[in-house]
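Participant: What follows is final-v2.txt, made up of compact mmCIF, C-alpha atoms and all ligand atoms:
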```txt
# COMPACT_ATOMS: atom_id res chain seq x y z
CA MET J 1 128.98 109.97 101.02
CA LEU J 2 126.90 106.94 101.95
CA ARG J 3 124.67 107.09 104.98
CA LYS J 4 125.49 104.53 107.66
CA ILE J 5 123.34 102.93 110.34
CA LYS J 6 122.97 105.13 113.41
CA ARG J 7 120.27 103.23 115.32
CA VAL J 8 118.01 100.22 114.76
CA VAL J 9 114.76 100.55 116.70
CA ALA J 10 112.12 97.87 117.33
CA GLY J 11 109.72 100.08 119.26
CA LYS J 12 107.36 99.01 122.02
CA LYS J 13 103.90 97.44 122.08
CA GLU J 14 101.49 99.92 123.59
CA THR J 15 97.77 100.45 124.00
CA ASP J 16 96.48 103.93 123.22
CA GLY J 17 93.17 105.61 122.55
CA ALA J 18 90.14 103.76 123.91
CA GLY J 19 92.06 100.45 123.66
CA VAL J 20 93.99 100.14 120.40
CA GLU J 21 97.03 97.88 120.32
CA LEU J 22 99.91 99.35 118.35
CA THR J 23 103.66 99.42 118.10
CA ARG J 24 105.13 102.79 119.06
CA VAL J 25 108.16 102.56 116.80
CA ILE J 26 109.52 105.97 117.73
CA GLY J 27 108.21 108.21 120.49
CA LYS J 28 109.12 110.56 123.30
CA PRO J 29 112.61 109.19 124.15
CA ASP J 30 113.66 109.38 120.48
CA VAL J 31 112.60 112.90 119.51
CA TYR J 32 115.99 114.58 119.40
CA ASP J 33 117.48 111.79 117.25
CA PHE J 34 114.54 111.78 114.81
CA ASP J 35 113.86 115.58 114.69
CA PRO J 36 111.63 116.83 112.91
CA PHE J 37 109.69 113.55 113.39
CA LEU J 38 108.12 112.98 116.80
CA MET J 39 106.31 109.70 116.65
CA LEU J 40 105.68 106.70 114.40
CA ASP J 41 102.94 104.24 115.36
CA ALA J 42 102.58 101.02 113.35
CA PHE J 43 99.49 98.80 113.09
CA ASP J 44 99.48 95.25 111.80
CA HIS J 45 96.32 93.40 112.85
CA ASP J 46 94.18 90.51 111.63
CA ASP J 47 91.80 90.83 114.60
CA PRO J 48 89.46 93.88 114.60
CA GLY J 49 89.11 93.44 118.40
CA LYS J 50 92.59 94.92 118.73
CA TYR J 51 91.64 98.29 117.20
CA VAL J 52 87.88 98.93 116.79
CA LYS J 53 87.61 100.94 120.04
CA GLY J 54 89.61 103.53 118.13
CA PHE J 55 90.65 107.02 119.16
CA PRO J 56 87.44 108.91 120.00
CA TRP J 57 87.39 112.72 120.32
CA HIS J 58 90.73 114.08 121.57
CA PRO J 59 92.73 117.30 121.12
CA HIS J 60 96.02 118.10 119.39
CA ARG J 61 98.13 121.25 119.16
CA GLY J 62 101.54 122.07 117.71
CA ILE J 63 102.00 119.08 115.36
CA GLU J 64 100.98 117.60 112.01
CA THR J 65 99.85 113.98 111.72
CA VAL J 66 100.01 111.76 108.65
CA THR J 67 98.09 108.49 108.54
CA TYR J 68 98.94 106.03 105.75
CA LEU J 69 96.96 102.84 105.35
CA ILE J 70 98.34 99.97 103.30
CA GLU J 71 95.25 97.92 104.13
CA GLY J 72 92.23 98.71 106.27
CA GLU J 73 89.73 101.50 106.82
CA VAL J 74 89.78 104.53 109.16
CA ALA J 75 86.98 107.07 109.61
CA HIS J 76 87.97 110.60 110.66
CA GLY J 77 85.99 113.54 111.99
CA ASP J 78 87.20 116.85 113.42
CA SER J 79 86.19 120.12 115.09
CA LEU J 80 86.52 121.99 111.77
CA GLY J 81 83.61 119.90 110.53
CA ASN J 82 85.68 117.67 108.25
CA SER J 83 84.88 114.01 107.96
CA GLY J 84 86.17 111.29 105.71
CA THR J 85 87.11 107.65 105.47
CA ILE J 86 90.37 106.34 104.12
CA THR J 87 90.95 102.81 102.91
CA ASP J 88 93.62 100.67 101.18
CA GLY J 89 96.49 102.85 99.93
CA ASP J 90 94.92 106.16 101.04
CA CYS J 91 96.33 108.75 103.43
CA GLN J 92 95.22 111.60 105.69
CA TRP J 93 97.14 114.66 106.69
CA MET J 94 96.10 116.89 109.56
CA THR J 95 97.71 120.10 110.77
CA ALA J 96 96.67 120.50 114.40
CA GLY J 97 98.20 123.99 114.57
CA SER J 98 96.54 126.12 117.27
CA GLY J 99 94.10 123.36 118.11
CA ILE J 100 91.88 120.67 116.73
CA ILE J 101 89.69 118.05 118.32
CA HIS J 102 89.29 114.95 116.23
CA GLN J 103 88.50 111.27 116.23
CA GLU J 104 90.17 108.46 114.29
CA MET J 105 88.10 105.30 114.23
CA PRO J 106 89.49 102.18 112.48
CA GLN J 107 86.67 100.12 110.98
CA PRO J 108 86.55 96.31 111.21
CA GLN J 109 88.31 94.79 108.18
CA PRO J 110 90.12 91.48 107.56
CA LYS J 111 93.44 93.32 107.87
CA MET J 112 94.66 96.62 109.25
CA LEU J 113 98.19 97.53 108.18
CA GLY J 114 99.43 101.09 108.33
CA VAL J 115 101.19 103.84 110.21
CA GLN J 116 100.66 107.23 111.78
CA LEU J 117 103.54 109.67 111.68
CA TRP J 118 103.79 112.85 113.79
CA VAL J 119 105.71 115.69 112.23
CA ASN J 120 106.68 118.60 114.45
CA LEU J 121 105.70 122.17 113.61
CA PRO J 122 108.39 124.87 113.90
CA SER J 123 107.74 127.30 116.79
CA ALA J 124 106.68 130.04 114.35
CA ASP J 125 103.89 127.81 112.97
CA LYS J 126 102.69 125.94 116.05
CA MET J 127 99.65 128.22 116.36
CA THR J 128 98.80 128.23 112.65
CA ALA J 129 95.18 127.53 111.60
CA PRO J 130 94.24 123.81 111.73
CA ARG J 131 93.75 121.99 108.40
CA TYR J 132 92.78 118.53 107.18
CA ARG J 133 93.09 116.77 103.81
CA ASP J 134 92.82 113.22 102.58
CA PHE J 135 94.24 111.62 99.44
CA THR J 136 93.26 108.38 97.76
CA ALA J 137 95.70 105.78 96.45
CA ALA J 138 95.00 107.13 92.94
CA ASP J 139 96.36 110.56 94.01
CA LEU J 140 99.75 109.05 94.94
CA PRO J 141 102.18 108.84 91.99
CA LEU J 142 103.97 105.54 91.42
CA VAL J 143 107.50 105.53 90.00
CA ASP J 144 108.01 102.02 88.62
CA ASN J 145 111.53 100.94 87.71
CA GLY J 146 110.98 97.22 87.23
CA ASP J 147 112.59 95.72 90.34
CA SER J 148 111.63 98.72 92.45
CA ALA J 149 108.40 100.70 92.70
CA VAL J 150 108.14 103.92 94.70
CA ARG J 151 104.81 105.38 95.87
CA LEU J 152 105.06 109.08 96.75
CA ILE J 153 103.07 110.50 99.64
CA ALA J 154 105.17 113.64 100.28
CA GLY J 155 108.35 114.98 98.71
CA GLU J 156 110.00 114.26 95.39
CA PHE J 157 111.60 111.26 93.75
CA ARG J 158 113.00 111.14 90.20
CA GLY J 159 110.89 114.01 88.93
CA SER J 160 107.60 112.94 90.56
CA LYS J 161 106.00 114.69 93.52
CA GLY J 162 103.78 113.43 96.34
CA PRO J 163 100.47 115.30 96.82
CA MET J 164 101.04 116.22 100.51
CA GLU J 165 102.89 119.40 99.72
CA GLU J 166 101.67 121.60 102.55
CA ILE J 167 103.35 119.89 105.50
CA THR J 168 105.32 122.78 106.98
CA VAL J 169 108.72 121.10 107.28
CA ARG J 170 108.38 119.69 103.73
CA PRO J 171 109.42 116.12 104.52
CA THR J 172 109.84 113.19 102.17
CA PHE J 173 107.52 110.24 102.81
CA ILE J 174 107.66 107.44 100.24
CA GLU J 175 106.77 103.74 100.15
CA VAL J 176 109.35 101.53 98.46
CA SER J 177 108.65 98.02 97.10
CA LEU J 178 111.68 96.01 96.05
CA LYS J 179 111.58 92.61 94.37
CA ALA J 180 113.73 89.93 96.06
CA GLY J 181 117.39 90.81 95.49
CA GLY J 182 116.51 94.23 94.03
CA SER J 183 118.35 97.36 95.09
CA PHE J 184 117.37 100.97 95.70
CA SER J 185 119.29 104.22 96.01
CA PHE J 186 117.99 107.48 97.46
CA PHE J 187 119.71 110.86 97.37
CA SER J 188 118.90 113.65 99.82
CA GLU J 189 120.36 116.65 101.62
CA PRO J 190 123.27 115.28 103.70
CA GLY J 191 122.07 116.91 106.95
CA ASP J 192 118.45 115.74 106.71
CA THR J 193 117.23 113.22 109.25
CA LEU J 194 116.47 110.00 107.35
CA PHE J 195 114.97 106.75 108.57
CA ILE J 196 113.18 103.75 107.12
CA TYR J 197 110.54 101.46 108.61
CA ILE J 198 110.41 97.91 107.26
CA ILE J 199 106.89 96.56 106.76
CA ARG J 200 107.61 93.21 105.04
CA GLY J 201 110.70 91.25 104.03
CA SER J 202 114.21 91.99 105.24
CA ALA J 203 116.51 94.80 104.19
CA VAL J 204 120.15 94.12 103.41
CA LEU J 205 122.30 97.18 103.95
CA GLU J 206 125.10 96.31 101.55
CA ALA J 207 127.21 99.32 102.38
CA TYR J 208 127.33 98.08 105.97
CA ASP J 209 128.80 94.57 105.69
CA ASP J 210 125.50 93.24 104.36
CA ARG J 211 123.82 93.72 107.68
CA VAL J 212 120.34 92.18 107.56
CA ILE J 213 117.51 94.13 109.21
CA GLU J 214 114.34 92.27 110.15
CA PRO J 215 110.82 93.49 109.37
CA ARG J 216 109.03 95.81 111.84
CA ARG J 217 112.25 97.70 112.59
CA ALA J 218 113.11 101.32 111.98
CA VAL J 219 116.63 102.19 110.92
CA LEU J 220 117.94 105.71 111.50
CA PHE J 221 120.91 106.69 109.36
CA THR J 222 123.84 109.02 109.86
CA GLU J 223 124.33 112.10 107.71
CA GLY J 224 125.22 111.51 104.07
CA ASP J 225 123.82 112.18 100.63
CA GLU J 226 123.10 108.62 99.49
CA LEU J 227 121.20 105.71 101.00
CA ARG J 228 121.44 102.21 99.53
CA VAL J 229 119.08 99.38 100.44
CA LYS J 230 118.88 95.87 98.97
CA ALA J 231 116.06 93.34 99.38
CA GLY J 232 116.86 89.97 100.96
CA PRO J 233 115.57 86.65 99.57
CA GLU J 234 111.94 87.87 99.76
CA ASP J 235 110.21 90.95 98.39
CA LEU J 236 110.80 93.98 100.60
CA LEU J 237 108.34 96.73 101.49
CA PHE J 238 109.48 99.72 103.52
CA LEU J 239 108.61 103.33 104.21
CA LEU J 240 111.22 106.09 103.98
CA PHE J 241 110.99 109.38 105.88
CA ALA J 242 113.38 112.32 105.53
CA GLY J 243 113.30 115.92 106.71
CA GLN J 244 115.39 118.83 107.86
CA PRO J 245 115.79 118.89 111.67
CA LEU J 246 114.21 121.87 113.47
CA GLY J 247 116.74 121.99 116.32
CA GLU J 248 114.18 123.54 118.69
CA PRO J 249 113.31 122.64 122.30
CA ILE J 250 110.42 120.19 122.68
CA ALA J 251 107.82 120.27 125.47
CA TRP J 252 105.58 117.23 124.99
CA GLY J 253 102.41 116.57 126.99
CA GLY J 254 100.37 113.68 125.53
CA PRO J 255 98.57 114.95 122.40
CA ILE J 256 100.15 118.42 122.58
CA VAL J 257 103.72 119.25 121.57
CA MET J 258 105.03 122.78 122.14
CA ASN J 259 108.42 124.40 122.77
CA THR J 260 108.07 125.33 126.47
CA LYS J 261 106.37 124.01 129.62
CA GLU J 262 104.47 127.31 129.88
CA GLU J 263 102.94 126.80 126.43
CA LEU J 264 101.91 123.27 127.44
CA ALA J 265 100.34 124.51 130.67
CA GLU J 266 98.46 127.16 128.70
CA ALA J 267 97.11 124.55 126.28
CA PHE J 268 95.80 122.36 129.11
CA ARG J 269 94.32 125.40 130.86
CA GLU J 270 92.50 126.34 127.64
CA LEU J 271 91.16 122.79 127.41
CA GLU J 272 89.77 123.16 130.95
CA GLU J 273 88.26 126.56 130.17
CA GLY J 274 86.80 125.58 126.80
CA THR J 275 88.89 128.11 124.85
CA PHE J 276 91.28 125.60 123.23
CA ILE J 277 89.57 125.74 119.83
CA ARG J 278 89.72 129.20 118.27
CA LYS J 279 86.33 130.85 117.73
CA ASP J 280 86.24 130.58 113.95
CA GLN J 281 87.59 127.01 113.97
CA GLY J 282 84.92 124.80 115.38
CA PRO J 283 83.52 123.19 117.40
CA GLY J 284 82.13 121.23 114.43
CA GLY J 285 79.71 119.18 116.49
CA VAL J 286 82.09 118.07 119.25
CA ALA J 287 80.58 118.12 122.73
CA ALA J 288 83.14 119.29 125.33
CA GLY J 289 82.20 116.47 127.72
CA ASP J 290 83.15 113.88 125.10
CA VAL J 291 86.77 115.00 124.80
CA HIS J 292 89.52 112.67 126.07
CA ARG J 293 92.71 114.40 127.13
CA ASP J 294 94.76 111.41 128.11
CA PHE J 295 95.44 109.89 124.69
CA TYR J 296 98.59 110.52 122.75
CA ARG J 297 96.97 110.19 119.36
MN MN R 1 94.83 112.04 117.02
```
Before anything else, please render the file you have as structure tokens.

Facilitator:
Amino acid sequence: MLRKIKRVVAGKKETDGAGVELTRVIGKPDVYDFDPFLMLDAFDHDDPGKYVKGFPWHPHRGIETVTYLIEGEVAHGDSLGNSGTITDGDCQWMTAGSGIIHQEMPQPQPKMLGVQLWVNLPSADKMTAPRYRDFTAADLPLVDNGDSAVRLIAGEFRGSKGPMEEITVRPTFIEVSLKAGGSFSFFSEPGDTLFIYIIRGSAVLEAYDDRVIEPRRAVLFTEGDELRVKAGPEDLLFLLFAGQPLGEPIAWGGPIVMNTKEELAEAFRELEEGTFIRKDQGPGGVAAGDVHRDFYR
């Protein structure tokens, strides 16, 4: 059964962190439709002034974040003591689990084009130990079929596997390039949540009366086992995300996403009291006075 269009979402321009302009493609009002995905932020900037203030030290609990850069450079540091810089085609994956304090600082470059995805943690794993990994473009397998090329970040496609295998809900995250007029088919579990985000070019959804979807839109699909996408008159670049819904209650307070209001209140109380980071998990050089609690990401 072919998946059909459920929603087309343009998102909203927002400013987050210390003053970073971004498009919040999906966010708080969309969480039950996009479960297990909580948030997708997109960046597309030619002017470093729109992002260099970055996201200095801030906490997270209860989620995993995936940053994928098509172009640009982002430096990361966290309370576990990890630090790293990702650049064109690289990605970062962070499990906040019981608590992490980190900073994500985009560096001035001619272009910054990328996304950050928030993946929810199931209630049983929300307080798991925090972890961080980064992968370079060379770590991401490319499945090239002539008029389509698929870059795997997480999940499987035609026998290849993305390197981000430890994300708890085991989602699929792939980047699909289609030459003008090319077509692409993707098979998945019928009940998985599946959406695409169009970076460049327009997508023609041929199974849906050739409906044309503009770039910088997310399309959420209904249940089904097959998705078909065709490129319009220009080359098409889009990201595809799929995962099994958790079906759990969501209590979301800025950078912290739990299941109940009580768990949220506890997290903010621990931030006040300085017990948010577990004893063996930091602080990795983060001074408590430098922590911002009012950012989302
Ligand atoms: Mn963050």

Participant: Could you tell me how far CA of Leu271 (chain J) lies from CA of Phe55 (chain J), in Å and to one decimal?

Facilitator: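 Distance reported for this atom pair: 17.8 Å.
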
Participant: So which residues touch Ala149 (chain J) within 8 Å, counting all atoms listed in the file, skipping near sequence neighbours fewer than 5 positions away, as a PDB file with C-alpha atoms, in the frame of the given file?

Facilitator:
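For reference, part-v3.pdb as written:
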```
ATOM      1  CA  LEU J 142     103.970 105.540  91.420  1.00  0.00           C
ATOM      2  CA  VAL J 143     107.500 105.530  90.000  1.00  0.00           C
ATOM      3  CA  ASP J 144     108.010 102.020  88.620  1.00  0.00           C
ATOM      4  CA  VAL J 176     109.350 101.530  98.460  1.00  0.00           C
ATOM      5  CA  SER J 177     108.650  98.020  97.100  1.00  0.00           C
ATOM      6  CA  LEU J 178     111.680  96.010  96.050  1.00  0.00           C
TER       7      LEU J 178
END
```

Participant: Between CA of Gly155 (chain J) and CA of Gln281 (chain J), what is the distance in Å, rounded to a tenth?

Facilitator: 28.4 Å

Participant: Tell me, in Å to one decimal, how far CA of Ile198 (chain J) is from CA of Asp41 (chain J).

Facilitator: 12.7 Å

Participant: Set the distance at 12 Å and use all atoms listed in the file: which residues neighbour Glu262 (chain J) once local chain neighbours fewer than 3 positions away are removed? I'd like the list as a CSV table (one decimal) with C-alpha atoms, in the frame of the given file.

Facilitator:
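part-v3.csv written:
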```csv
chain,number,residue,atom,x,y,z
J,250,ILE,CA,110.4,120.2,122.7
J,251,ALA,CA,107.8,120.3,125.5
J,252,TRP,CA,105.6,117.2,125.0
J,253,GLY,CA,102.4,116.6,127.0
J,257,VAL,CA,103.7,119.2,121.6
J,258,MET,CA,105.0,122.8,122.1
J,259,ASN,CA,108.4,124.4,122.8
J,265,ALA,CA,100.3,124.5,130.7
J,266,GLU,CA,98.5,127.2,128.7
J,267,ALA,CA,97.1,124.6,126.3
J,268,PHE,CA,95.8,122.4,129.1
J,269,ARG,CA,94.3,125.4,130.9
```

Participant: Restricting the calculation to all atoms listed in the file: of J:Asp147, J:Leu2, J:Met112, J:Val219, which residue gets closest to Asp235 (chain J)?

Facilitator: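 Closest to Asp235 (chain J) of all the choices is J:Asp147.
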
Participant: Using all atoms listed in the file for the distances, tell me which of J:Gly54, J:Ala124, J:Gly17, J:Phe34 is nearest to Thr193 (chain J).

Facilitator: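 With all atoms listed in the file as the atom set, the closest residue is J:Phe34.
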